[in-house]
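Listing of upload-v1.cif, mmCIF, C-alpha atoms
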```cif
data_work
#
loop_
_atom_site.group_PDB
_atom_site.id
_atom_site.type_symbol
_atom_site.label_atom_id
_atom_site.label_comp_id
_atom_site.auth_asym_id
_atom_site.auth_seq_id
_atom_site.Cartn_x
_atom_site.Cartn_y
_atom_site.Cartn_z
ATOM 1 C CA MET F 1175 54.567 -31.515 -3.070
ATOM 2 C CA LYS F 1176 50.983 -30.921 -2.022
ATOM 3 C CA HIS F 1177 50.327 -31.455 1.638
ATOM 4 C CA LYS F 1178 48.362 -30.561 4.725
ATOM 5 C CA PRO F 1179 50.969 -29.512 7.296
ATOM 6 C CA ARG F 1180 51.061 -30.832 10.829
ATOM 7 C CA THR F 1181 50.161 -28.402 13.596
ATOM 8 C CA LYS F 1182 50.535 -28.651 17.338
ATOM 9 C CA PRO F 1183 47.381 -30.252 18.823
ATOM 10 C CA PRO F 1184 45.029 -27.822 20.627
ATOM 11 C CA GLN F 1185 45.073 -30.093 23.693
ATOM 12 C CA LEU F 1186 48.868 -29.822 23.907
ATOM 13 C CA LEU F 1187 48.751 -26.038 23.400
ATOM 14 C CA LEU F 1188 46.299 -25.755 26.285
ATOM 15 C CA PHE F 1189 48.505 -27.741 28.660
ATOM 16 C CA GLU F 1190 51.641 -25.875 27.580
ATOM 17 C CA THR F 1191 49.863 -22.598 28.320
ATOM 18 C CA LEU F 1192 48.588 -23.771 31.691
ATOM 19 C CA LYS F 1193 51.763 -25.377 33.009
ATOM 20 C CA PRO F 1194 53.646 -22.173 34.002
ATOM 21 C CA ARG F 1195 50.489 -20.695 35.536
ATOM 22 C CA MET F 1196 49.198 -23.462 37.797
ATOM 23 C CA LYS F 1197 50.357 -26.607 39.564
ATOM 24 C CA LEU F 1198 49.289 -29.634 37.577
ATOM 25 C CA SER F 1199 48.281 -32.781 39.429
ATOM 26 C CA SER F 1200 50.366 -35.906 38.829
ATOM 27 C CA LYS F 1201 47.633 -37.214 36.506
ATOM 28 C CA GLU F 1202 47.542 -33.934 34.574
ATOM 29 C CA ALA F 1203 51.341 -33.762 34.359
ATOM 30 C CA LYS F 1204 51.484 -37.314 32.964
ATOM 31 C CA TYR F 1205 48.774 -36.508 30.445
ATOM 32 C CA HIS F 1206 50.719 -33.435 29.337
ATOM 33 C CA LEU F 1207 53.905 -35.494 29.004
ATOM 34 C CA ASP F 1208 52.096 -38.118 26.908
ATOM 35 C CA LEU F 1209 50.749 -35.403 24.598
ATOM 36 C CA HIS F 1210 54.214 -33.904 24.263
ATOM 37 C CA LYS F 1211 55.824 -37.265 23.487
ATOM 38 C CA GLY F 1212 53.124 -38.085 20.961
ATOM 39 C CA TYR F 1213 53.722 -34.839 19.091
ATOM 40 C CA GLN F 1214 57.487 -35.358 19.205
ATOM 41 C CA GLY F 1215 57.000 -38.785 17.637
ATOM 42 C CA GLU F 1216 54.901 -37.339 14.819
ATOM 43 C CA GLN F 1217 57.558 -34.684 14.180
ATOM 44 C CA LEU F 1218 60.232 -37.392 14.023
ATOM 45 C CA PHE F 1219 58.162 -39.319 11.493
ATOM 46 C CA ASP F 1220 57.746 -36.143 9.403
ATOM 47 C CA HIS F 1221 61.505 -35.585 9.563
ATOM 48 C CA LEU F 1222 62.123 -39.071 8.154
ATOM 49 C CA LEU F 1223 59.440 -38.865 5.458
ATOM 50 C CA GLN F 1224 59.980 -35.290 4.265
ATOM 51 C CA PRO F 1225 63.231 -35.805 2.286
ATOM 52 C CA MET F 1226 61.687 -38.723 0.392
ATOM 53 C CA ILE F 1227 58.592 -36.906 -0.854
ATOM 54 C CA LYS F 1228 58.599 -35.889 -4.504
ATOM 55 C CA PRO F 1229 56.935 -32.713 -5.826
ATOM 56 C CA ASP F 1230 53.994 -34.589 -7.362
ATOM 57 C CA GLN F 1231 52.966 -36.472 -4.202
ATOM 58 C CA TYR F 1232 50.262 -35.659 -1.663
ATOM 59 C CA VAL F 1233 50.687 -36.033 2.118
ATOM 60 C CA LEU F 1234 48.018 -35.040 4.626
ATOM 61 C CA ASN F 1235 48.830 -34.827 8.341
ATOM 62 C CA ASP F 1236 46.505 -34.764 11.349
ATOM 63 C CA LEU F 1237 43.370 -35.482 9.356
ATOM 64 C CA LEU F 1238 40.201 -35.322 11.453
ATOM 65 C CA LEU F 1239 37.352 -36.756 9.403
ATOM 66 C CA THR F 1240 33.764 -37.863 9.875
ATOM 67 C CA HIS F 1241 31.853 -40.637 8.150
ATOM 68 C CA ASN F 1242 28.458 -42.019 9.051
ATOM 69 C CA HIS F 1243 28.370 -39.881 12.238
ATOM 70 C CA SER F 1244 31.699 -41.344 13.411
ATOM 71 C CA THR F 1245 34.751 -39.094 13.791
ATOM 72 C CA PHE F 1246 38.248 -40.483 13.374
ATOM 73 C CA GLN F 1247 41.768 -39.074 13.182
ATOM 74 C CA VAL F 1248 44.712 -40.248 11.091
ATOM 75 C CA ASP F 1249 48.241 -39.100 11.891
ATOM 76 C CA SER F 1250 49.384 -39.154 8.239
ATOM 77 C CA VAL F 1251 47.845 -40.128 4.902
ATOM 78 C CA LEU F 1252 49.871 -40.619 1.728
ATOM 79 C CA VAL F 1253 47.721 -40.486 -1.414
ATOM 80 C CA THR F 1254 49.236 -42.223 -4.439
ATOM 81 C CA SER F 1255 47.883 -43.124 -7.861
ATOM 82 C CA ALA F 1256 47.700 -46.801 -6.880
ATOM 83 C CA LYS F 1257 46.625 -46.787 -3.247
ATOM 84 C CA ALA F 1258 46.351 -44.768 -0.059
ATOM 85 C CA TYR F 1259 48.617 -45.328 2.941
ATOM 86 C CA LEU F 1260 47.427 -44.634 6.489
ATOM 87 C CA PHE F 1261 50.053 -44.187 9.198
ATOM 88 C CA GLU F 1262 49.364 -44.236 12.923
ATOM 89 C CA VAL F 1263 52.516 -42.931 14.607
ATOM 90 C CA LYS F 1264 53.468 -43.977 18.142
ATOM 91 C CA ASN F 1265 56.339 -42.742 20.283
ATOM 92 C CA TYR F 1266 56.229 -45.560 22.842
ATOM 93 C CA GLU F 1267 59.511 -46.166 24.634
ATOM 94 C CA GLY F 1268 60.858 -49.073 26.633
ATOM 95 C CA ASN F 1269 59.901 -52.743 26.742
ATOM 96 C CA HIS F 1270 56.429 -53.946 25.797
ATOM 97 C CA VAL F 1271 54.797 -57.318 25.378
ATOM 98 C CA TYR F 1272 51.918 -58.381 23.118
ATOM 99 C CA GLN F 1273 49.518 -60.754 24.887
ATOM 100 C CA GLU F 1274 46.013 -61.775 23.858
ATOM 101 C CA GLU F 1275 45.781 -58.900 21.361
ATOM 102 C CA GLN F 1276 46.751 -56.328 23.983
ATOM 103 C CA PHE F 1277 49.826 -54.166 24.476
ATOM 104 C CA HIS F 1278 51.456 -54.127 27.908
ATOM 105 C CA ARG F 1279 54.264 -51.852 28.989
ATOM 106 C CA MET F 1280 56.459 -54.113 31.086
ATOM 107 C CA PRO F 1281 56.054 -55.133 33.738
ATOM 108 C CA HIS F 1282 52.273 -54.738 34.215
ATOM 109 C CA THR F 1283 50.784 -51.648 32.533
ATOM 110 C CA GLU F 1284 48.103 -52.365 29.920
ATOM 111 C CA LEU F 1285 47.877 -49.873 27.048
ATOM 112 C CA THR F 1286 45.242 -49.163 24.449
ATOM 113 C CA ASN F 1287 46.034 -51.364 21.471
ATOM 114 C CA PRO F 1288 47.009 -49.014 18.608
ATOM 115 C CA LEU F 1289 46.115 -51.762 16.122
ATOM 116 C CA HIS F 1290 42.466 -51.484 17.181
ATOM 117 C CA GLN F 1291 42.568 -47.749 16.562
ATOM 118 C CA LEU F 1292 44.200 -48.384 13.181
ATOM 119 C CA GLN F 1293 41.526 -50.923 12.214
ATOM 120 C CA ARG F 1294 38.755 -48.448 13.021
ATOM 121 C CA SER F 1295 40.411 -45.646 11.045
ATOM 122 C CA HIS F 1296 41.058 -47.989 8.114
ATOM 123 C CA SER F 1297 37.427 -49.108 7.985
ATOM 124 C CA LEU F 1298 35.950 -45.605 8.208
ATOM 125 C CA PHE F 1299 38.469 -44.202 5.732
ATOM 126 C CA SER F 1300 37.646 -46.944 3.243
ATOM 127 C CA GLN F 1301 33.920 -46.233 3.576
ATOM 128 C CA LEU F 1302 34.556 -42.503 3.125
ATOM 129 C CA LEU F 1303 36.574 -43.087 -0.066
ATOM 130 C CA ASN F 1304 33.771 -45.223 -1.482
ATOM 131 C CA LYS F 1305 31.316 -42.445 -0.714
ATOM 132 C CA LEU F 1306 33.562 -39.997 -2.575
ATOM 133 C CA GLY F 1307 33.589 -42.318 -5.588
ATOM 134 C CA TYR F 1308 37.073 -43.790 -5.140
ATOM 135 C CA SER F 1309 37.627 -47.543 -5.133
ATOM 136 C CA MET F 1310 41.282 -47.959 -4.286
ATOM 137 C CA LYS F 1311 43.437 -50.165 -2.117
ATOM 138 C CA ILE F 1312 44.358 -48.926 1.352
ATOM 139 C CA GLU F 1313 47.372 -50.042 3.364
ATOM 140 C CA SER F 1314 47.509 -49.087 7.042
ATOM 141 C CA TYR F 1315 50.409 -49.338 9.473
ATOM 142 C CA VAL F 1316 51.314 -48.499 13.040
ATOM 143 C CA ILE F 1317 54.717 -46.821 12.945
ATOM 144 C CA PHE F 1318 56.830 -46.993 16.110
ATOM 145 C CA VAL F 1319 59.504 -44.300 15.912
ATOM 146 C CA ASN F 1320 61.249 -44.326 19.292
ATOM 147 C CA PRO F 1321 64.598 -46.196 19.052
ATOM 148 C CA SER F 1322 64.174 -47.570 22.585
ATOM 149 C CA PHE F 1323 60.857 -49.312 21.792
ATOM 150 C CA MET F 1324 60.787 -53.104 21.989
ATOM 151 C CA LEU F 1325 57.773 -55.374 21.529
ATOM 152 C CA TYR F 1326 57.973 -59.015 22.576
ATOM 153 C CA GLN F 1327 55.771 -61.956 21.573
ATOM 154 C CA ALA F 1328 54.088 -60.139 18.680
ATOM 155 C CA PRO F 1329 53.056 -62.571 15.919
ATOM 156 C CA MET F 1330 54.372 -62.206 12.385
ATOM 157 C CA GLY F 1331 52.209 -60.379 9.874
ATOM 158 C CA LEU F 1332 50.913 -57.559 12.036
ATOM 159 C CA PRO F 1333 50.830 -54.162 10.266
ATOM 160 C CA ILE F 1334 53.597 -52.857 12.530
ATOM 161 C CA ILE F 1335 56.763 -51.057 11.491
ATOM 162 C CA TYR F 1336 59.463 -51.085 14.174
ATOM 163 C CA PRO F 1337 61.929 -48.218 14.731
ATOM 164 C CA SER F 1338 64.811 -49.934 12.947
ATOM 165 C CA GLN F 1339 62.571 -50.551 9.916
ATOM 166 C CA VAL F 1340 60.989 -47.107 9.452
ATOM 167 C CA GLU F 1341 63.470 -45.537 7.034
ATOM 168 C CA SER F 1342 63.818 -48.582 4.800
ATOM 169 C CA PHE F 1343 60.046 -49.102 4.852
ATOM 170 C CA LEU F 1344 59.379 -45.521 3.736
ATOM 171 C CA GLU F 1345 62.099 -45.726 1.089
ATOM 172 C CA SER F 1346 60.543 -48.906 -0.319
ATOM 173 C CA ILE F 1347 57.183 -47.139 -0.664
ATOM 174 C CA MET F 1348 58.431 -43.849 -2.051
ATOM 175 C CA SER F 1349 60.741 -45.442 -4.631
ATOM 176 C CA LYS F 1350 57.856 -47.228 -6.354
ATOM 177 C CA LEU F 1351 55.358 -44.375 -6.679
ATOM 178 C CA ASP F 1352 54.083 -43.177 -10.034
ATOM 179 C CA PRO F 1353 53.104 -39.520 -10.539
ATOM 180 C CA LEU F 1354 49.682 -38.603 -9.216
ATOM 181 C CA THR F 1355 46.861 -38.346 -11.714
ATOM 182 C CA PRO F 1356 44.542 -35.294 -11.667
ATOM 183 C CA ARG F 1357 41.842 -37.544 -10.217
ATOM 184 C CA HIS F 1358 44.003 -38.495 -7.247
ATOM 185 C CA LEU F 1359 45.148 -34.922 -6.727
ATOM 186 C CA LYS F 1360 41.467 -34.062 -6.530
ATOM 187 C CA LEU F 1361 41.007 -36.764 -3.877
ATOM 188 C CA GLY F 1362 43.734 -35.175 -1.762
ATOM 189 C CA ASP F 1363 42.011 -31.800 -2.115
ATOM 190 C CA LYS F 1364 38.669 -33.319 -1.120
ATOM 191 C CA LEU F 1365 40.134 -34.946 1.992
ATOM 192 C CA ARG F 1366 41.795 -31.685 2.989
ATOM 193 C CA ALA F 1367 38.490 -29.843 2.551
ATOM 194 C CA LEU F 1368 36.683 -32.427 4.714
ATOM 195 C CA HIS F 1369 39.161 -32.019 7.573
ATOM 196 C CA HIS F 1370 37.608 -30.585 10.745
ATOM 197 C CA THR F 1371 39.669 -27.533 11.657
ATOM 198 C CA LYS F 1372 38.503 -27.522 15.268
ATOM 199 C CA MET F 1373 39.791 -30.602 17.040
ATOM 200 C CA PRO F 1374 37.921 -31.526 20.233
ATOM 201 C CA ILE F 1375 39.715 -31.020 23.551
ATOM 202 C CA ARG F 1376 38.890 -34.126 25.537
ATOM 203 C CA TYR F 1377 40.444 -33.396 28.912
ATOM 204 C CA VAL F 1378 40.665 -29.983 30.574
ATOM 205 C CA PRO F 1379 41.980 -29.381 34.105
ATOM 206 C CA ASP F 1380 39.925 -27.195 36.422
ATOM 207 C CA TYR F 1381 41.058 -23.569 36.221
ATOM 208 C CA ASP F 1382 39.705 -20.047 36.095
ATOM 209 C CA PHE F 1383 41.133 -16.622 35.328
ATOM 210 C CA ASP F 1384 41.543 -15.510 38.941
ATOM 211 C CA SER F 1385 43.396 -18.644 40.086
ATOM 212 C CA LEU F 1386 46.054 -18.624 37.358
ATOM 213 C CA LYS F 1387 49.405 -16.886 37.793
ATOM 214 C CA LYS F 1388 49.671 -13.611 35.916
ATOM 215 C CA GLY F 1389 52.534 -12.183 33.895
ATOM 216 C CA VAL F 1390 54.177 -12.540 30.496
ATOM 217 C CA CYS F 1391 55.542 -16.073 30.126
ATOM 218 C CA CYS F 1392 58.915 -16.459 28.414
ATOM 219 C CA VAL F 1393 58.557 -18.123 25.031
ATOM 220 C CA GLY F 1394 61.949 -19.791 25.545
ATOM 221 C CA CYS F 1395 62.219 -21.220 29.060
ATOM 222 C CA ARG F 1396 58.500 -20.785 29.929
ATOM 223 C CA SER F 1397 59.265 -19.003 33.213
ATOM 224 C CA LEU F 1398 57.215 -16.192 34.775
ATOM 225 C CA PRO F 1399 57.269 -13.247 34.720
ATOM 226 C CA MET F 1400 59.152 -11.267 32.116
ATOM 227 C CA VAL F 1401 59.918 -7.631 32.972
ATOM 228 C CA THR F 1402 59.791 -4.535 30.786
ATOM 229 C CA GLU F 1403 62.799 -2.484 29.859
ATOM 230 C CA GLY F 1404 61.996 0.228 27.329
ATOM 231 C CA ARG F 1405 60.498 -1.401 24.252
ATOM 232 C CA LEU F 1406 61.534 -4.869 25.349
ATOM 233 C CA CYS F 1407 60.328 -7.612 27.660
ATOM 234 C CA ILE F 1408 63.209 -9.488 29.294
ATOM 235 C CA CYS F 1409 63.114 -12.899 30.927
ATOM 236 C CA ARG F 1410 64.654 -13.022 34.405
ATOM 237 C CA GLY F 1411 65.329 -16.718 33.963
ATOM 238 C CA CYS F 1412 67.176 -17.067 30.658
ATOM 239 C CA GLY F 1413 67.691 -13.448 29.617
ATOM 240 C CA ARG F 1414 65.646 -13.791 26.442
ATOM 241 C CA ARG F 1415 64.530 -10.457 24.943
ATOM 242 C CA GLU F 1416 61.299 -9.890 23.062
ATOM 243 C CA PRO F 1417 59.613 -6.725 21.732
ATOM 244 C CA PHE F 1418 56.880 -5.519 24.087
ATOM 245 C CA SER F 1419 54.214 -5.666 21.370
ATOM 246 C CA GLU F 1420 55.070 -9.274 20.451
ATOM 247 C CA ALA F 1421 55.006 -10.325 24.114
ATOM 248 C CA VAL F 1422 51.582 -8.751 24.612
ATOM 249 C CA MET F 1423 50.098 -10.322 21.487
ATOM 250 C CA ARG F 1424 51.536 -13.723 22.429
ATOM 251 C CA SER F 1425 49.844 -13.332 25.803
ATOM 252 C CA VAL F 1426 46.584 -12.479 24.029
ATOM 253 C CA ARG F 1427 46.845 -15.751 22.090
ATOM 254 C CA GLU F 1428 47.307 -17.571 25.410
ATOM 255 C CA LEU F 1429 44.122 -15.971 26.706
ATOM 256 C CA GLN F 1430 42.273 -17.084 23.582
ATOM 257 C CA ILE F 1431 43.506 -20.661 24.041
ATOM 258 C CA LEU F 1432 42.460 -20.840 27.689
ATOM 259 C CA PHE F 1433 39.319 -18.687 27.522
ATOM 260 C CA PRO F 1434 37.959 -18.904 23.964
ATOM 261 C CA ASN F 1435 34.646 -17.293 24.950
ATOM 262 C CA MET F 1436 36.197 -14.345 26.804
ATOM 263 C CA ARG F 1437 36.271 -11.012 25.007
ATOM 264 C CA THR F 1438 39.703 -9.432 24.629
ATOM 265 C CA ARG F 1439 39.575 -6.208 26.624
ATOM 266 C CA THR F 1440 42.431 -3.849 27.502
ATOM 267 C CA ARG F 1441 42.016 -4.201 31.266
ATOM 268 C CA VAL F 1442 41.870 -8.006 31.093
ATOM 269 C CA VAL F 1443 45.005 -8.231 28.911
ATOM 270 C CA TYR F 1444 46.833 -5.769 31.168
ATOM 271 C CA GLU F 1445 46.003 -7.878 34.237
ATOM 272 C CA TRP F 1446 46.875 -11.139 32.433
ATOM 273 C CA CYS F 1447 50.289 -9.720 31.535
ATOM 274 C CA GLY F 1448 50.999 -8.959 35.184
ATOM 275 C CA SER F 1449 50.289 -5.227 34.879
ATOM 276 C CA ILE F 1450 53.402 -4.601 32.796
ATOM 277 C CA GLY F 1451 53.816 -1.235 31.100
ATOM 278 C CA SER F 1452 50.489 0.568 31.422
ATOM 279 C CA THR F 1453 46.921 0.103 30.236
ATOM 280 C CA LYS F 1454 47.479 2.790 27.585
ATOM 281 C CA ARG F 1455 50.543 0.985 26.271
ATOM 282 C CA VAL F 1456 48.704 -2.334 26.144
ATOM 283 C CA GLN F 1457 45.745 -0.644 24.451
ATOM 284 C CA LYS F 1458 48.052 0.802 21.802
ATOM 285 C CA VAL F 1459 49.348 -2.699 20.981
ATOM 286 C CA LEU F 1460 45.806 -4.094 20.747
ATOM 287 C CA LYS F 1461 44.694 -1.272 18.439
ATOM 288 C CA ALA F 1462 47.703 -1.847 16.184
ATOM 289 C CA HIS F 1463 47.182 -5.600 15.799
ATOM 290 C CA MET F 1464 43.448 -6.166 16.252
ATOM 291 C CA THR F 1465 40.107 -4.601 15.337
ATOM 292 C CA MET F 1466 38.262 -2.682 18.040
ATOM 293 C CA LYS F 1467 34.568 -3.414 18.518
ATOM 294 C CA GLY F 1468 32.178 -1.378 20.640
ATOM 295 C CA GLU F 1469 32.898 1.877 22.416
ATOM 296 C CA ASN F 1470 34.085 3.225 25.751
ATOM 297 C CA LEU F 1471 33.741 0.720 28.618
ATOM 298 C CA GLY F 1472 32.202 -1.860 26.275
ATOM 299 C CA ALA F 1473 35.119 -1.853 23.834
ATOM 300 C CA TYR F 1474 36.862 -5.126 23.012
ATOM 301 C CA TYR F 1475 39.166 -6.444 20.283
ATOM 302 C CA GLU F 1476 38.989 -9.202 17.687
#
```

Can you present the structure in this file as structure tokens?
Amino acid sequence: MKHKPRTKPPQLLLFETLKPRMKLSSKEAKYHLDLHKGYQGEQLFDHLLQPMIKPDQYVLNDLLLTHNHSTFQVDSVLVTSAKAYLFEVKNYEGNHVYQEEQFHRMPHTELTNPLHQLQRSHSLFSQLLNKLGYSMKIESYVIFVNPSFMLYQAPMGLPIIYPSQVESFLESIMSKLDPLTPRHLKLGDKLRALHHTKMPIRYVPDYDFDSLKKGVCCVGCRSLPMVTEGRLCICRGCGRREPFSEAVMRSVRELQILFPNMRTRTRVVYEWCGSIGSTKRVQKVLKAHMTMKGENLGAYYE
């Protein structure tokens, strides 16, 4: 199987990194929860689709593409020799009603209509394929994966797949596929090459280095801070143990997520980690895993 794997969205990574280090507002906490649920839904869809994929098929996840100065994202694309399938995955839960082409979470919360998003992606994707020299049929669907999701008053014929239908729907597609031709394998490669690797972060809470809690955050229970014991960092909350060097480098990656323009310096990393170990010990880890630039007080690591 050729595929572009799914990765955790940068926006979700940012919120996961911030949560143990600052108090999120109710709006920020809800936004984080929505991001988390959305990613869980995509993982569930991948779990259902993965066993059905044959070695000669091409699946691309989290495609971020641009056509005619318009950027659009598709949760999953299945390229076949006959057509391309676009899947917009939603992890909505609870009771919803469809009224006047709008989705409402009962009783009175209006939601963005995922069908409108699907229509836009379908149109731009079709135009992009034509530009690449491919004239092929495209089928697009909104896939609802949460078993608790219910939608009332939706008319027949909408490109919607309900939770109870997902597995049989995917099986019906995958059972009919012919092997990919070299031309269609090339299309998958082209789409993967056109993917924007840097996804935009649309919403960022207000924070700065000084205001955030310091310390090594446990990779398991996400509590602060871990403490050092010899060559290990140990979580006071769940007892998880992690090599000191791995804990420091994980903390460096957190810094890079939250402060992408900040240079990685020994003193900054030492402070970020809650002054664990010593500056010399932290510096030794940085030298072992990164490349030092500059000299003396101006030294930093990449």

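When CA of Ile1450 (chain F) is paired with CA of Cys1407 (chain F), their separation reads 9.1 Å.
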
- request: Could you jot down the CA of Pro1321 (chain F) to CA of Gln1185 (chain F) separation for me, Å, one decimal place?
  value: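 That distance, rounded to one decimal, is 25.7 Å.
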
- prompt: Taking the file as shown, what set of residues would the PyMOL selection byres ((chain F and resi 1208-1223) around 8) give back, as a VMD selection string?
  reply: chain F and resid 1182 to 1183 1185 to 1186 1204 to 1207 1224 to 1227 1249 1263 to 1265 1319 to 1320 1341 1344

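In this model, the gap between CA of Val1456 (chain F) and CA of Glu1476 (chain F) comes to 14.6 Å.
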
field: Nearest to Leu1306 (chain F) by atom-to-atom distance, counting all atoms listed in the file, from F:Gly1448, F:Pro1229, F:Gly1362, F:Gly1394
entry: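 With all atoms listed in the file as the atom set, the closest residue is F:Gly1362.
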
field: Selected residue of minimal separation from His1241 (chain F) among F:Arg1439, F:Gly1389, F:Arg1294, F:Ser1314, counting only C-alpha atoms
entry: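 Selected residue with least distance to His1241 (chain F): F:Arg1294.
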
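When you apply the PyMOL selection byres ((chain F and resi 1464-1468) around 12) to this structure, what comes back is Ser1419, Val1422, Met1423, Val1426, Arg1427, Arg1437, Thr1438, Arg1439, Thr1440, Val1456, Gln1457, Lys1458, Val1459, Leu1460, Lys1461, Ala1462, His1463, Glu1469, Asn1470, Leu1471, Gly1472, Ala1473, Tyr1474, Tyr1475 and Glu1476 of chain F.
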
Could you take the residues named above and write them with C-alpha atoms, as a PDB file, in the coordinates of the input?
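The resulting file, out29.pdb, is reproduced below:
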```
ATOM      1  CA  SER F1419      54.214  -5.666  21.370  1.00  0.00           C
ATOM      2  CA  VAL F1422      51.582  -8.751  24.612  1.00  0.00           C
ATOM      3  CA  MET F1423      50.098 -10.322  21.487  1.00  0.00           C
ATOM      4  CA  VAL F1426      46.584 -12.479  24.029  1.00  0.00           C
ATOM      5  CA  ARG F1427      46.845 -15.751  22.090  1.00  0.00           C
ATOM      6  CA  ARG F1437      36.271 -11.012  25.007  1.00  0.00           C
ATOM      7  CA  THR F1438      39.703  -9.432  24.629  1.00  0.00           C
ATOM      8  CA  ARG F1439      39.575  -6.208  26.624  1.00  0.00           C
ATOM      9  CA  THR F1440      42.431  -3.849  27.502  1.00  0.00           C
ATOM     10  CA  VAL F1456      48.704  -2.334  26.144  1.00  0.00           C
ATOM     11  CA  GLN F1457      45.745  -0.644  24.451  1.00  0.00           C
ATOM     12  CA  LYS F1458      48.052   0.802  21.802  1.00  0.00           C
ATOM     13  CA  VAL F1459      49.348  -2.699  20.981  1.00  0.00           C
ATOM     14  CA  LEU F1460      45.806  -4.094  20.747  1.00  0.00           C
ATOM     15  CA  LYS F1461      44.694  -1.272  18.439  1.00  0.00           C
ATOM     16  CA  ALA F1462      47.703  -1.847  16.184  1.00  0.00           C
ATOM     17  CA  HIS F1463      47.182  -5.600  15.799  1.00  0.00           C
ATOM     18  CA  GLU F1469      32.898   1.877  22.416  1.00  0.00           C
ATOM     19  CA  ASN F1470      34.085   3.225  25.751  1.00  0.00           C
ATOM     20  CA  LEU F1471      33.741   0.720  28.618  1.00  0.00           C
ATOM     21  CA  GLY F1472      32.202  -1.860  26.275  1.00  0.00           C
ATOM     22  CA  ALA F1473      35.119  -1.853  23.834  1.00  0.00           C
ATOM     23  CA  TYR F1474      36.862  -5.126  23.012  1.00  0.00           C
ATOM     24  CA  TYR F1475      39.166  -6.444  20.283  1.00  0.00           C
ATOM     25  CA  GLU F1476      38.989  -9.202  17.687  1.00  0.00           C
TER      26      GLU F1476
END
```

Give, as AutoDock Vina command-line options, the centre coordinates and the x, y and z edge lengths in Å to one decimal for an axis-aligned box around all listed atoms of region 1281-1296 of chain F, padded by 4 Å on each side.
```
--center_x 47.4 --center_y -50.4 --center_z 21.2 --size_x 25.3 --size_y 17.5 --size_z 34.1
```

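The residue set within 9 Å of Ala1258 (chain F), counting all atoms listed in the file and dropping same-chain residues fewer than 3 places from it, reads Val1251, Leu1252, Val1253, Thr1254, Ser1255, Met1310, Lys1311, Ile1312, Glu1313 and Ser1314 of chain F.
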
Residues selected by the PyMOL selection byres ((chain F and resi 1271-1285) around 6), written as a ChimeraX atom specification: /F:1269-1270,1286-1287,1325-1328

query: Quick one: of F:Phe1343, F:Phe1299, F:Tyr1266, F:Phe1383, who's nearest to Gln1247 (chain F), counting all atoms listed in the file?
result: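 That would be F:Phe1299, the residue with the smallest distance to Gln1247 (chain F).
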
message: Restricting the calculation to all atoms listed in the file: of F:Pro1353, F:Pro1417, F:Pro1288, F:Pro1184, which residue gets closest to Cys1392 (chain F)?
response: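 Using all atoms listed in the file, the shortest distance to Cys1392 (chain F) belongs to F:Pro1417.
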
- prompt: With all atoms listed in the file as the atoms that count, which of F:Met1348, F:Leu1406, F:Val1442, F:Leu1354 lies nearest to Asp1230 (chain F)?
  reply: F:Leu1354

message: With all atoms listed in the file as the counted atoms, please give the residues lying no more than 9 Å from Ser1300 (chain F), apart from itself and same-chain residues fewer than 3 positions off, as a ChimeraX atom specification.
response: /F:1295-1297,1303-1305,1308-1312

Hey, can you spit out that residue selection with C-alpha atoms as a compact mmCIF listing (two decimals), in the coordinates of the input?
```txt
# COMPACT_ATOMS: atom_id res chain seq x y z
CA SER F 1295 40.41 -45.65 11.04
CA HIS F 1296 41.06 -47.99 8.11
CA SER F 1297 37.43 -49.11 7.98
CA LEU F 1303 36.57 -43.09 -0.07
CA ASN F 1304 33.77 -45.22 -1.48
CA LYS F 1305 31.32 -42.44 -0.71
CA TYR F 1308 37.07 -43.79 -5.14
CA SER F 1309 37.63 -47.54 -5.13
CA MET F 1310 41.28 -47.96 -4.29
CA LYS F 1311 43.44 -50.16 -2.12
CA ILE F 1312 44.36 -48.93 1.35
```
